[in-house]
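Engineer: Shown below is the structure under consideration.
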Amino acid sequence: LSELGPLAAKLDPGAAAMPGPAAPSTTAARVTIYSSAEGAKISIDDGAFVDAPFIGEVKLGKHHIRVTADGYADAARDVIGEAGVRTTLDVPLEEKPAELVVQVDRSCDVFVDGRAIGIAPSARAFPVPAGVHVVSLISTGRKVVSEEVTLLRGKRRVLTADFQRSGQRTAATVMLGGGAASAVAGLVLGAVSL
């Protein structure tokens, strides 16, 4: 700036002189605080939350920083403001898992993207990473129930299912009934023969 100011004055004699670099403040420090989490908000020394990034001045000394965002675990850091030094602080936030609740009237194995995560019904929710997943419910003698679901960070999703009898179970029941009828007929014929 000190070199460009005189050059600008030569090109445009009416131009005001360019100011030189500002002297560092002896009562405030420059800080930049940011977070890559979507919708992050920042609080300094338990003050009001402001949208990230925060770029501004704080008093010299140590300050407590809190960062929060919907669907993420809160984070806290300390930063020290120094005169003449621009302090930059990145505060990453950890994603909260989604909660999957499976409400069914019979016991079944729960699979997410082909990986077993537990048995339903359960008194607790299953923690699952946010995103699009295929949830499959498998119960003995019933057709497999599969559904593609979108799970959001830190949000609860309730999944219900109505299990239908599988063709295999129906055939097994018919065969069992037929076998029992044949056994009864055999006993009757055996008794008549005697």
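Every chain in the structure tokens has a letter given in the order shown (A, B, ...), and although residue numbers restart at 1 in each chain, ligands are simply numbered from 1 in the order shown.
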At a cut-off of 8 Å, using only C-alpha atoms, what residues contact region 116-133 of chain A? Leave out same-chain residues fewer than 3 positions from it and give the result as a list of chain:residue names.
Structural biologist: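 Once the nearby chain positions are removed, what remains is A:Lys96, A:Pro97, A:Ala98, A:Glu99, A:Leu100, A:Val101, A:Val102, A:Gln103, A:Val104, A:Asp105, A:Arg106, A:Ser107, A:Cys108, A:Asp109, A:Val110, A:Phe111, A:Val112, A:Asp113, A:Glu148, A:Val149, A:Thr150, A:Leu151, A:Leu152, A:Arg153.
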Engineer: Compile the contact shell of Ala76 (chain A) as a list of chain:residue names: residues with an atom at most 8 Å away, counting only C-alpha atoms, same-chain residues fewer than 4 positions apart removed.
Structural biologist: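 These residues fall inside the cut-off: A:His64, A:Ile65, A:Arg66, A:Val67.
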Engineer: Could you list, as a VMD selection string, every residue within 9 Å of Ser36 (chain A), counting only C-alpha atoms and ignoring same-chain residues fewer than 2 positions away?
Structural biologist: chain A and resid 34 38 to 40 52 90 to 93
Engineer: Between A:Glu147, A:Glu82, A:Glu95, A:Asp45, which has the minimum distance to Leu60 (chain A) (counting only C-alpha atoms)?
Structural biologist: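 Nearest to Leu60 (chain A): A:Glu82.
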Engineer: Quick one: of A:Ile44, A:Ala28, A:Leu137, A:Val188, who's nearest to Gly81 (chain A), counting only C-alpha atoms?
Structural biologist: A:Ala28
Engineer: Enumerate, as a ChimeraX atom specification, the complete set of residues in region 32-171 of chain A that a backbone-based DSSP assignment places in helix (DSSP H, G or I).
Structural biologist: /A:167-171
Engineer: From the set A:Gly71, A:Val79, A:Glu94, A:Ser136, which residue has the shortest atom-to-atom contact distance to Arg156 (chain A), counting only C-alpha atoms?
Structural biologist: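 Of the candidates, the smallest distance to Arg156 (chain A) is held by A:Gly71.
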Engineer: Any idea what the distance is between CA of Ile33 (chain A) and CA of Gly56 (chain A)?
Structural biologist: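 Spanning CA of Ile33 (chain A) to CA of Gly56 (chain A) is a straight-line distance of 9.0 Å.
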Engineer: If DSSP is run on the backbone, what residues of region 27-174 of chain A are strand (DSSP E or B)? A reply as a PDB file with N, CA and C atoms, in the first residue's frame would be ideal.
Structural biologist:
ATOM      1  N   ALA A  28      -7.700  -5.244  21.591  1.00  0.00           N
ATOM      2  CA  ALA A  28      -8.508  -6.268  20.934  1.00  0.00           C
ATOM      3  C   ALA A  28      -7.634  -7.144  20.047  1.00  0.00           C
ATOM      4  N   ALA A  29      -8.115  -8.357  19.839  1.00  0.00           N
ATOM      5  CA  ALA A  29      -7.411  -9.306  18.972  1.00  0.00           C
ATOM      6  C   ALA A  29      -8.367  -9.754  17.877  1.00  0.00           C
ATOM      7  N   ARG A  30      -7.829 -10.066  16.706  1.00  0.00           N
ATOM      8  CA  ARG A  30      -8.636 -10.536  15.575  1.00  0.00           C
ATOM      9  C   ARG A  30      -8.689 -12.064  15.613  1.00  0.00           C
ATOM     10  N   VAL A  31      -9.902 -12.626  15.541  1.00  0.00           N
ATOM     11  CA  VAL A  31     -10.043 -14.075  15.506  1.00  0.00           C
ATOM     12  C   VAL A  31     -10.985 -14.472  14.374  1.00  0.00           C
ATOM     13  N   THR A  32     -10.715 -15.643  13.826  1.00  0.00           N
ATOM     14  CA  THR A  32     -11.580 -16.255  12.825  1.00  0.00           C
ATOM     15  C   THR A  32     -11.900 -17.654  13.330  1.00  0.00           C
ATOM     16  N   ILE A  33     -13.188 -17.942  13.490  1.00  0.00           N
ATOM     17  CA  ILE A  33     -13.619 -19.250  13.979  1.00  0.00           C
ATOM     18  C   ILE A  33     -14.613 -19.803  12.966  1.00  0.00           C
ATOM     19  N   TYR A  34     -14.339 -21.017  12.508  1.00  0.00           N
ATOM     20  CA  TYR A  34     -15.260 -21.612  11.549  1.00  0.00           C
ATOM     21  C   TYR A  34     -15.432 -23.094  11.819  1.00  0.00           C
ATOM     22  N   LYS A  41     -23.357 -22.750  14.454  1.00  0.00           N
ATOM     23  CA  LYS A  41     -23.486 -21.474  15.159  1.00  0.00           C
ATOM     24  C   LYS A  41     -22.412 -21.427  16.239  1.00  0.00           C
ATOM     25  N   ILE A  42     -21.908 -20.220  16.496  1.00  0.00           N
ATOM     26  CA  ILE A  42     -20.764 -20.037  17.389  1.00  0.00           C
ATOM     27  C   ILE A  42     -21.131 -19.082  18.509  1.00  0.00           C
ATOM     28  N   SER A  43     -20.707 -19.442  19.733  1.00  0.00           N
ATOM     29  CA  SER A  43     -20.883 -18.577  20.901  1.00  0.00           C
ATOM     30  C   SER A  43     -19.515 -18.338  21.525  1.00  0.00           C
ATOM     31  N   ILE A  44     -19.240 -17.103  21.869  1.00  0.00           N
ATOM     32  CA  ILE A  44     -17.979 -16.755  22.515  1.00  0.00           C
ATOM     33  C   ILE A  44     -18.281 -16.317  23.943  1.00  0.00           C
ATOM     34  N   VAL A  50     -24.000 -16.903  16.965  1.00  0.00           N
ATOM     35  CA  VAL A  50     -24.013 -16.264  15.649  1.00  0.00           C
ATOM     36  C   VAL A  50     -23.661 -17.314  14.611  1.00  0.00           C
ATOM     37  N   ASP A  51     -24.071 -17.077  13.363  1.00  0.00           N
ATOM     38  CA  ASP A  51     -23.774 -18.017  12.287  1.00  0.00           C
ATOM     39  C   ASP A  51     -22.272 -18.094  12.042  1.00  0.00           C
ATOM     40  N   PHE A  54     -17.256 -16.952  12.291  1.00  0.00           N
ATOM     41  CA  PHE A  54     -17.140 -15.698  13.037  1.00  0.00           C
ATOM     42  C   PHE A  54     -15.802 -15.073  12.669  1.00  0.00           C
ATOM     43  N   ILE A  55     -15.846 -13.850  12.178  1.00  0.00           N
ATOM     44  CA  ILE A  55     -14.621 -13.110  11.860  1.00  0.00           C
ATOM     45  C   ILE A  55     -14.766 -11.758  12.531  1.00  0.00           C
ATOM     46  N   GLY A  56     -13.949 -11.498  13.526  1.00  0.00           N
ATOM     47  CA  GLY A  56     -14.086 -10.233  14.236  1.00  0.00           C
ATOM     48  C   GLY A  56     -13.057 -10.072  15.328  1.00  0.00           C
ATOM     49  N   GLU A  57     -13.322  -9.092  16.183  1.00  0.00           N
ATOM     50  CA  GLU A  57     -12.394  -8.768  17.262  1.00  0.00           C
ATOM     51  C   GLU A  57     -12.953  -9.243  18.594  1.00  0.00           C
ATOM     52  N   VAL A  58     -12.042  -9.654  19.457  1.00  0.00           N
ATOM     53  CA  VAL A  58     -12.372 -10.025  20.829  1.00  0.00           C
ATOM     54  C   VAL A  58     -11.359  -9.351  21.738  1.00  0.00           C
ATOM     55  N   LYS A  59     -11.674  -9.288  23.008  1.00  0.00           N
ATOM     56  CA  LYS A  59     -10.715  -8.730  23.965  1.00  0.00           C
ATOM     57  C   LYS A  59      -9.488  -9.625  24.040  1.00  0.00           C
ATOM     58  N   GLY A  61      -6.735 -11.997  25.539  1.00  0.00           N
ATOM     59  CA  GLY A  61      -6.812 -13.012  26.580  1.00  0.00           C
ATOM     60  C   GLY A  61      -7.542 -14.262  26.122  1.00  0.00           C
ATOM     61  N   LYS A  62      -7.851 -15.107  27.086  1.00  0.00           N
ATOM     62  CA  LYS A  62      -8.453 -16.408  26.813  1.00  0.00           C
ATOM     63  C   LYS A  62      -9.973 -16.293  26.694  1.00  0.00           C
ATOM     64  N   HIS A  63     -10.535 -17.011  25.719  1.00  0.00           N
ATOM     65  CA  HIS A  63     -11.974 -17.006  25.486  1.00  0.00           C
ATOM     66  C   HIS A  63     -12.463 -18.431  25.285  1.00  0.00           C
ATOM     67  N   HIS A  64     -13.683 -18.700  25.776  1.00  0.00           N
ATOM     68  CA  HIS A  64     -14.282 -20.027  25.636  1.00  0.00           C
ATOM     69  C   HIS A  64     -15.234 -20.009  24.444  1.00  0.00           C
ATOM     70  N   ILE A  65     -15.048 -20.937  23.520  1.00  0.00           N
ATOM     71  CA  ILE A  65     -15.830 -21.004  22.286  1.00  0.00           C
ATOM     72  C   ILE A  65     -16.721 -22.237  22.336  1.00  0.00           C
ATOM     73  N   ARG A  66     -18.013 -22.074  21.981  1.00  0.00           N
ATOM     74  CA  ARG A  66     -18.929 -23.208  21.832  1.00  0.00           C
ATOM     75  C   ARG A  66     -19.486 -23.187  20.416  1.00  0.00           C
ATOM     76  N   VAL A  67     -19.504 -24.364  19.798  1.00  0.00           N
ATOM     77  CA  VAL A  67     -20.038 -24.487  18.437  1.00  0.00           C
ATOM     78  C   VAL A  67     -21.128 -25.556  18.460  1.00  0.00           C
ATOM     79  N   THR A  68     -22.259 -25.242  17.840  1.00  0.00           N
ATOM     80  CA  THR A  68     -23.383 -26.175  17.803  1.00  0.00           C
ATOM     81  C   THR A  68     -23.995 -26.164  16.409  1.00  0.00           C
ATOM     82  N   TYR A  72     -25.571 -32.529  15.008  1.00  0.00           N
ATOM     83  CA  TYR A  72     -24.163 -32.733  15.359  1.00  0.00           C
ATOM     84  C   TYR A  72     -24.006 -32.610  16.873  1.00  0.00           C
ATOM     85  N   ALA A  75     -19.456 -28.864  20.410  1.00  0.00           N
ATOM     86  CA  ALA A  75     -18.019 -28.892  20.691  1.00  0.00           C
ATOM     87  C   ALA A  75     -17.636 -27.596  21.394  1.00  0.00           C
ATOM     88  N   ALA A  76     -16.604 -27.679  22.231  1.00  0.00           N
ATOM     89  CA  ALA A  76     -16.114 -26.499  22.953  1.00  0.00           C
ATOM     90  C   ALA A  76     -14.595 -26.432  22.811  1.00  0.00           C
ATOM     91  N   ARG A  77     -14.086 -25.221  22.664  1.00  0.00           N
ATOM     92  CA  ARG A  77     -12.646 -25.000  22.555  1.00  0.00           C
ATOM     93  C   ARG A  77     -12.318 -23.697  23.281  1.00  0.00           C
ATOM     94  N   ASP A  78     -11.040 -23.522  23.589  1.00  0.00           N
ATOM     95  CA  ASP A  78     -10.552 -22.260  24.133  1.00  0.00           C
ATOM     96  C   ASP A  78      -9.621 -21.631  23.111  1.00  0.00           C
ATOM     97  N   VAL A  79      -9.664 -20.314  23.017  1.00  0.00           N
ATOM     98  CA  VAL A  79      -8.793 -19.587  22.110  1.00  0.00           C
ATOM     99  C   VAL A  79      -8.202 -18.404  22.868  1.00  0.00           C
ATOM    100  N   ILE A  80      -6.957 -18.072  22.560  1.00  0.00           N
ATOM    101  CA  ILE A  80      -6.291 -16.945  23.208  1.00  0.00           C
ATOM    102  C   ILE A  80      -6.099 -15.839  22.176  1.00  0.00           C
ATOM    103  N   GLY A  81      -6.682 -14.669  22.472  1.00  0.00           N
ATOM    104  CA  GLY A  81      -6.531 -13.524  21.595  1.00  0.00           C
ATOM    105  C   GLY A  81      -5.270 -12.748  21.947  1.00  0.00           C
ATOM    106  N   ARG A  86      -3.612 -12.550  14.133  1.00  0.00           N
ATOM    107  CA  ARG A  86      -4.931 -13.050  13.715  1.00  0.00           C
ATOM    108  C   ARG A  86      -4.960 -14.541  14.040  1.00  0.00           C
ATOM    109  N   THR A  87      -5.847 -14.920  14.938  1.00  0.00           N
ATOM    110  CA  THR A  87      -5.961 -16.315  15.361  1.00  0.00           C
ATOM    111  C   THR A  87      -7.089 -16.975  14.589  1.00  0.00           C
ATOM    112  N   THR A  88      -6.806 -18.144  14.019  1.00  0.00           N
ATOM    113  CA  THR A  88      -7.807 -18.895  13.264  1.00  0.00           C
ATOM    114  C   THR A  88      -8.045 -20.226  13.958  1.00  0.00           C
ATOM    115  N   LEU A  89      -9.311 -20.571  14.133  1.00  0.00           N
ATOM    116  CA  LEU A  89      -9.670 -21.805  14.834  1.00  0.00           C
ATOM    117  C   LEU A  89     -10.732 -22.547  14.036  1.00  0.00           C
ATOM    118  N   ASP A  90     -10.418 -23.799  13.692  1.00  0.00           N
ATOM    119  CA  ASP A  90     -11.384 -24.669  13.018  1.00  0.00           C
ATOM    120  C   ASP A  90     -11.955 -25.616  14.069  1.00  0.00           C
ATOM    121  N   GLU A  95     -20.886 -35.904  13.661  1.00  0.00           N
ATOM    122  CA  GLU A  95     -22.289 -36.170  13.326  1.00  0.00           C
ATOM    123  C   GLU A  95     -22.933 -37.089  14.357  1.00  0.00           C
ATOM    124  N   ALA A  98     -28.397 -41.381  13.290  1.00  0.00           N
ATOM    125  CA  ALA A  98     -29.859 -41.419  13.264  1.00  0.00           C
ATOM    126  C   ALA A  98     -30.303 -42.550  14.186  1.00  0.00           C
ATOM    127  N   GLU A  99     -31.555 -42.507  14.618  1.00  0.00           N
ATOM    128  CA  GLU A  99     -32.103 -43.561  15.475  1.00  0.00           C
ATOM    129  C   GLU A  99     -33.213 -44.277  14.715  1.00  0.00           C
ATOM    130  N   LEU A 100     -33.042 -45.587  14.563  1.00  0.00           N
ATOM    131  CA  LEU A 100     -34.032 -46.402  13.872  1.00  0.00           C
ATOM    132  C   LEU A 100     -34.802 -47.227  14.898  1.00  0.00           C
ATOM    133  N   VAL A 101     -36.129 -47.047  14.918  1.00  0.00           N
ATOM    134  CA  VAL A 101     -37.003 -47.812  15.809  1.00  0.00           C
ATOM    135  C   VAL A 101     -37.844 -48.723  14.930  1.00  0.00           C
ATOM    136  N   VAL A 102     -37.821 -50.027  15.218  1.00  0.00           N
ATOM    137  CA  VAL A 102     -38.592 -51.003  14.448  1.00  0.00           C
ATOM    138  C   VAL A 102     -39.740 -51.509  15.321  1.00  0.00           C
ATOM    139  N   GLN A 103     -40.965 -51.218  14.895  1.00  0.00           N
ATOM    140  CA  GLN A 103     -42.154 -51.640  15.635  1.00  0.00           C
ATOM    141  C   GLN A 103     -42.834 -52.767  14.862  1.00  0.00           C
ATOM    142  N   CYS A 108     -38.118 -60.447  14.865  1.00  0.00           N
ATOM    143  CA  CYS A 108     -37.455 -60.492  13.560  1.00  0.00           C
ATOM    144  C   CYS A 108     -36.026 -59.975  13.692  1.00  0.00           C
ATOM    145  N   ASP A 109     -35.183 -60.399  12.752  1.00  0.00           N
ATOM    146  CA  ASP A 109     -33.817 -59.894  12.669  1.00  0.00           C
ATOM    147  C   ASP A 109     -33.834 -58.632  11.821  1.00  0.00           C
ATOM    148  N   VAL A 110     -33.074 -57.617  12.239  1.00  0.00           N
ATOM    149  CA  VAL A 110     -33.031 -56.339  11.530  1.00  0.00           C
ATOM    150  C   VAL A 110     -31.678 -56.218  10.830  1.00  0.00           C
ATOM    151  N   PHE A 111     -31.731 -55.955   9.526  1.00  0.00           N
ATOM    152  CA  PHE A 111     -30.520 -55.777   8.723  1.00  0.00           C
ATOM    153  C   PHE A 111     -30.549 -54.383   8.096  1.00  0.00           C
ATOM    154  N   VAL A 112     -29.405 -53.706   8.098  1.00  0.00           N
ATOM    155  CA  VAL A 112     -29.267 -52.418   7.415  1.00  0.00           C
ATOM    156  C   VAL A 112     -28.152 -52.577   6.394  1.00  0.00           C
ATOM    157  N   ARG A 115     -26.262 -55.805   6.650  1.00  0.00           N
ATOM    158  CA  ARG A 115     -25.514 -56.079   7.882  1.00  0.00           C
ATOM    159  C   ARG A 115     -26.487 -56.147   9.051  1.00  0.00           C
ATOM    160  N   ALA A 116     -26.399 -57.256   9.827  1.00  0.00           N
ATOM    161  CA  ALA A 116     -27.299 -57.427  10.977  1.00  0.00           C
ATOM    162  C   ALA A 116     -26.967 -56.398  12.054  1.00  0.00           C
ATOM    163  N   ILE A 117     -28.021 -55.741  12.579  1.00  0.00           N
ATOM    164  CA  ILE A 117     -27.791 -54.758  13.646  1.00  0.00           C
ATOM    165  C   ILE A 117     -28.535 -55.101  14.927  1.00  0.00           C
ATOM    166  N   GLY A 118     -29.443 -56.099  14.888  1.00  0.00           N
ATOM    167  CA  GLY A 118     -30.135 -56.470  16.118  1.00  0.00           C
ATOM    168  C   GLY A 118     -31.429 -57.205  15.855  1.00  0.00           C
ATOM    169  N   ILE A 119     -32.173 -57.391  16.930  1.00  0.00           N
ATOM    170  CA  ILE A 119     -33.449 -58.098  16.884  1.00  0.00           C
ATOM    171  C   ILE A 119     -34.548 -57.157  17.355  1.00  0.00           C
ATOM    172  N   ALA A 120     -35.672 -57.175  16.641  1.00  0.00           N
ATOM    173  CA  ALA A 120     -36.819 -56.339  17.010  1.00  0.00           C
ATOM    174  C   ALA A 120     -37.968 -57.255  17.397  1.00  0.00           C
ATOM    175  N   PHE A 126     -32.018 -48.337  17.374  1.00  0.00           N
ATOM    176  CA  PHE A 126     -30.741 -48.753  16.783  1.00  0.00           C
ATOM    177  C   PHE A 126     -30.035 -47.516  16.217  1.00  0.00           C
ATOM    178  N   PRO A 127     -28.777 -47.236  16.632  1.00  0.00           N
ATOM    179  CA  PRO A 127     -28.051 -46.116  16.040  1.00  0.00           C
ATOM    180  C   PRO A 127     -27.539 -46.500  14.650  1.00  0.00           C
ATOM    181  N   VAL A 128     -27.838 -45.663  13.654  1.00  0.00           N
ATOM    182  CA  VAL A 128     -27.457 -45.923  12.269  1.00  0.00           C
ATOM    183  C   VAL A 128     -26.916 -44.625  11.683  1.00  0.00           C
ATOM    184  N   GLY A 131     -28.219 -41.050   6.254  1.00  0.00           N
ATOM    185  CA  GLY A 131     -28.120 -41.309   4.822  1.00  0.00           C
ATOM    186  C   GLY A 131     -29.243 -42.215   4.351  1.00  0.00           C
ATOM    187  N   VAL A 132     -29.117 -42.679   3.108  1.00  0.00           N
ATOM    188  CA  VAL A 132     -30.101 -43.570   2.521  1.00  0.00           C
ATOM    189  C   VAL A 132     -29.645 -45.008   2.752  1.00  0.00           C
ATOM    190  N   HIS A 133     -30.520 -45.833   3.306  1.00  0.00           N
ATOM    191  CA  HIS A 133     -30.183 -47.220   3.633  1.00  0.00           C
ATOM    192  C   HIS A 133     -31.340 -48.142   3.232  1.00  0.00           C
ATOM    193  N   VAL A 134     -31.001 -49.417   3.012  1.00  0.00           N
ATOM    194  CA  VAL A 134     -32.015 -50.441   2.789  1.00  0.00           C
ATOM    195  C   VAL A 134     -32.140 -51.233   4.085  1.00  0.00           C
ATOM    196  N   VAL A 135     -33.338 -51.183   4.682  1.00  0.00           N
ATOM    197  CA  VAL A 135     -33.605 -51.900   5.931  1.00  0.00           C
ATOM    198  C   VAL A 135     -34.416 -53.143   5.589  1.00  0.00           C
ATOM    199  N   SER A 136     -33.934 -54.312   6.037  1.00  0.00           N
ATOM    200  CA  SER A 136     -34.621 -55.577   5.800  1.00  0.00           C
ATOM    201  C   SER A 136     -34.978 -56.213   7.138  1.00  0.00           C
ATOM    202  N   LEU A 137     -36.194 -56.728   7.218  1.00  0.00           N
ATOM    203  CA  LEU A 137     -36.677 -57.408   8.417  1.00  0.00           C
ATOM    204  C   LEU A 137     -36.977 -58.855   8.042  1.00  0.00           C
ATOM    205  N   ILE A 138     -36.357 -59.797   8.771  1.00  0.00           N
ATOM    206  CA  ILE A 138     -36.504 -61.214   8.451  1.00  0.00           C
ATOM    207  C   ILE A 138     -37.065 -61.940   9.662  1.00  0.00           C
ATOM    208  N   ARG A 142     -42.007 -66.074   7.392  1.00  0.00           N
ATOM    209  CA  ARG A 142     -42.691 -64.899   6.829  1.00  0.00           C
ATOM    210  C   ARG A 142     -41.871 -64.362   5.668  1.00  0.00           C
ATOM    211  N   VAL A 145     -39.366 -58.381   4.603  1.00  0.00           N
ATOM    212  CA  VAL A 145     -39.833 -57.011   4.395  1.00  0.00           C
ATOM    213  C   VAL A 145     -38.601 -56.133   4.204  1.00  0.00           C
ATOM    214  N   SER A 146     -38.517 -55.455   3.053  1.00  0.00           N
ATOM    215  CA  SER A 146     -37.393 -54.560   2.767  1.00  0.00           C
ATOM    216  C   SER A 146     -37.924 -53.194   2.378  1.00  0.00           C
ATOM    217  N   GLU A 147     -37.235 -52.164   2.842  1.00  0.00           N
ATOM    218  CA  GLU A 147     -37.648 -50.802   2.517  1.00  0.00           C
ATOM    219  C   GLU A 147     -36.420 -49.901   2.481  1.00  0.00           C
ATOM    220  N   GLU A 148     -36.393 -49.002   1.490  1.00  0.00           N
ATOM    221  CA  GLU A 148     -35.322 -48.006   1.423  1.00  0.00           C
ATOM    222  C   GLU A 148     -35.770 -46.795   2.238  1.00  0.00           C
ATOM    223  N   VAL A 149     -34.945 -46.389   3.191  1.00  0.00           N
ATOM    224  CA  VAL A 149     -35.307 -45.271   4.064  1.00  0.00           C
ATOM    225  C   VAL A 149     -34.199 -44.233   4.072  1.00  0.00           C
ATOM    226  N   THR A 150     -34.593 -42.998   4.274  1.00  0.00           N
ATOM    227  CA  THR A 150     -33.636 -41.907   4.430  1.00  0.00           C
ATOM    228  C   THR A 150     -33.607 -41.531   5.903  1.00  0.00           C
ATOM    229  N   LEU A 151     -32.438 -41.653   6.512  1.00  0.00           N
ATOM    230  CA  LEU A 151     -32.282 -41.350   7.934  1.00  0.00           C
ATOM    231  C   LEU A 151     -31.509 -40.045   8.084  1.00  0.00           C
ATOM    232  N   ARG A 156     -35.077 -39.420  14.858  1.00  0.00           N
ATOM    233  CA  ARG A 156     -35.628 -40.755  15.072  1.00  0.00           C
ATOM    234  C   ARG A 156     -36.568 -41.101  13.918  1.00  0.00           C
ATOM    235  N   ARG A 157     -36.422 -42.319  13.413  1.00  0.00           N
ATOM    236  CA  ARG A 157     -37.296 -42.817  12.338  1.00  0.00           C
ATOM    237  C   ARG A 157     -37.930 -44.117  12.821  1.00  0.00           C
ATOM    238  N   VAL A 158     -39.264 -44.175  12.767  1.00  0.00           N
ATOM    239  CA  VAL A 158     -39.991 -45.365  13.193  1.00  0.00           C
ATOM    240  C   VAL A 158     -40.401 -46.143  11.945  1.00  0.00           C
ATOM    241  N   LEU A 159     -40.064 -47.428  11.935  1.00  0.00           N
ATOM    242  CA  LEU A 159     -40.389 -48.300  10.811  1.00  0.00           C
ATOM    243  C   LEU A 159     -41.321 -49.401  11.317  1.00  0.00           C
ATOM    244  N   THR A 160     -42.448 -49.564  10.656  1.00  0.00           N
ATOM    245  CA  THR A 160     -43.384 -50.627  11.031  1.00  0.00           C
ATOM    246  C   THR A 160     -43.456 -51.640   9.891  1.00  0.00           C
ATOM    247  N   ARG A 165     -47.378 -64.392   5.500  1.00  0.00           N
ATOM    248  CA  ARG A 165     -46.873 -65.764   5.488  1.00  0.00           C
ATOM    249  C   ARG A 165     -46.165 -66.029   4.173  1.00  0.00           C
TER     250      ARG A 165
END
Engineer: Using CA of Asp162 (chain A) and CA of Thr140 (chain A) as the two end points, give the distance in Å to one decimal.
Structural biologist: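 Between CA of Asp162 (chain A) and CA of Thr140 (chain A) the gap works out to 13.5 Å.
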Engineer: How far is it from CA of Ser35 (chain A) to CA of Asp74 (chain A), in Å with one decimal?
Structural biologist: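 Interatomic distance, CA of Ser35 (chain A) to CA of Asp74 (chain A): 11.3 Å.
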Engineer: When distances are computed from only C-alpha atoms, which of A:Lys155, A:Gln164, A:Ala191, A:Ala37 shows the smallest separation from Lys143 (chain A)?
Structural biologist: A:Gln164
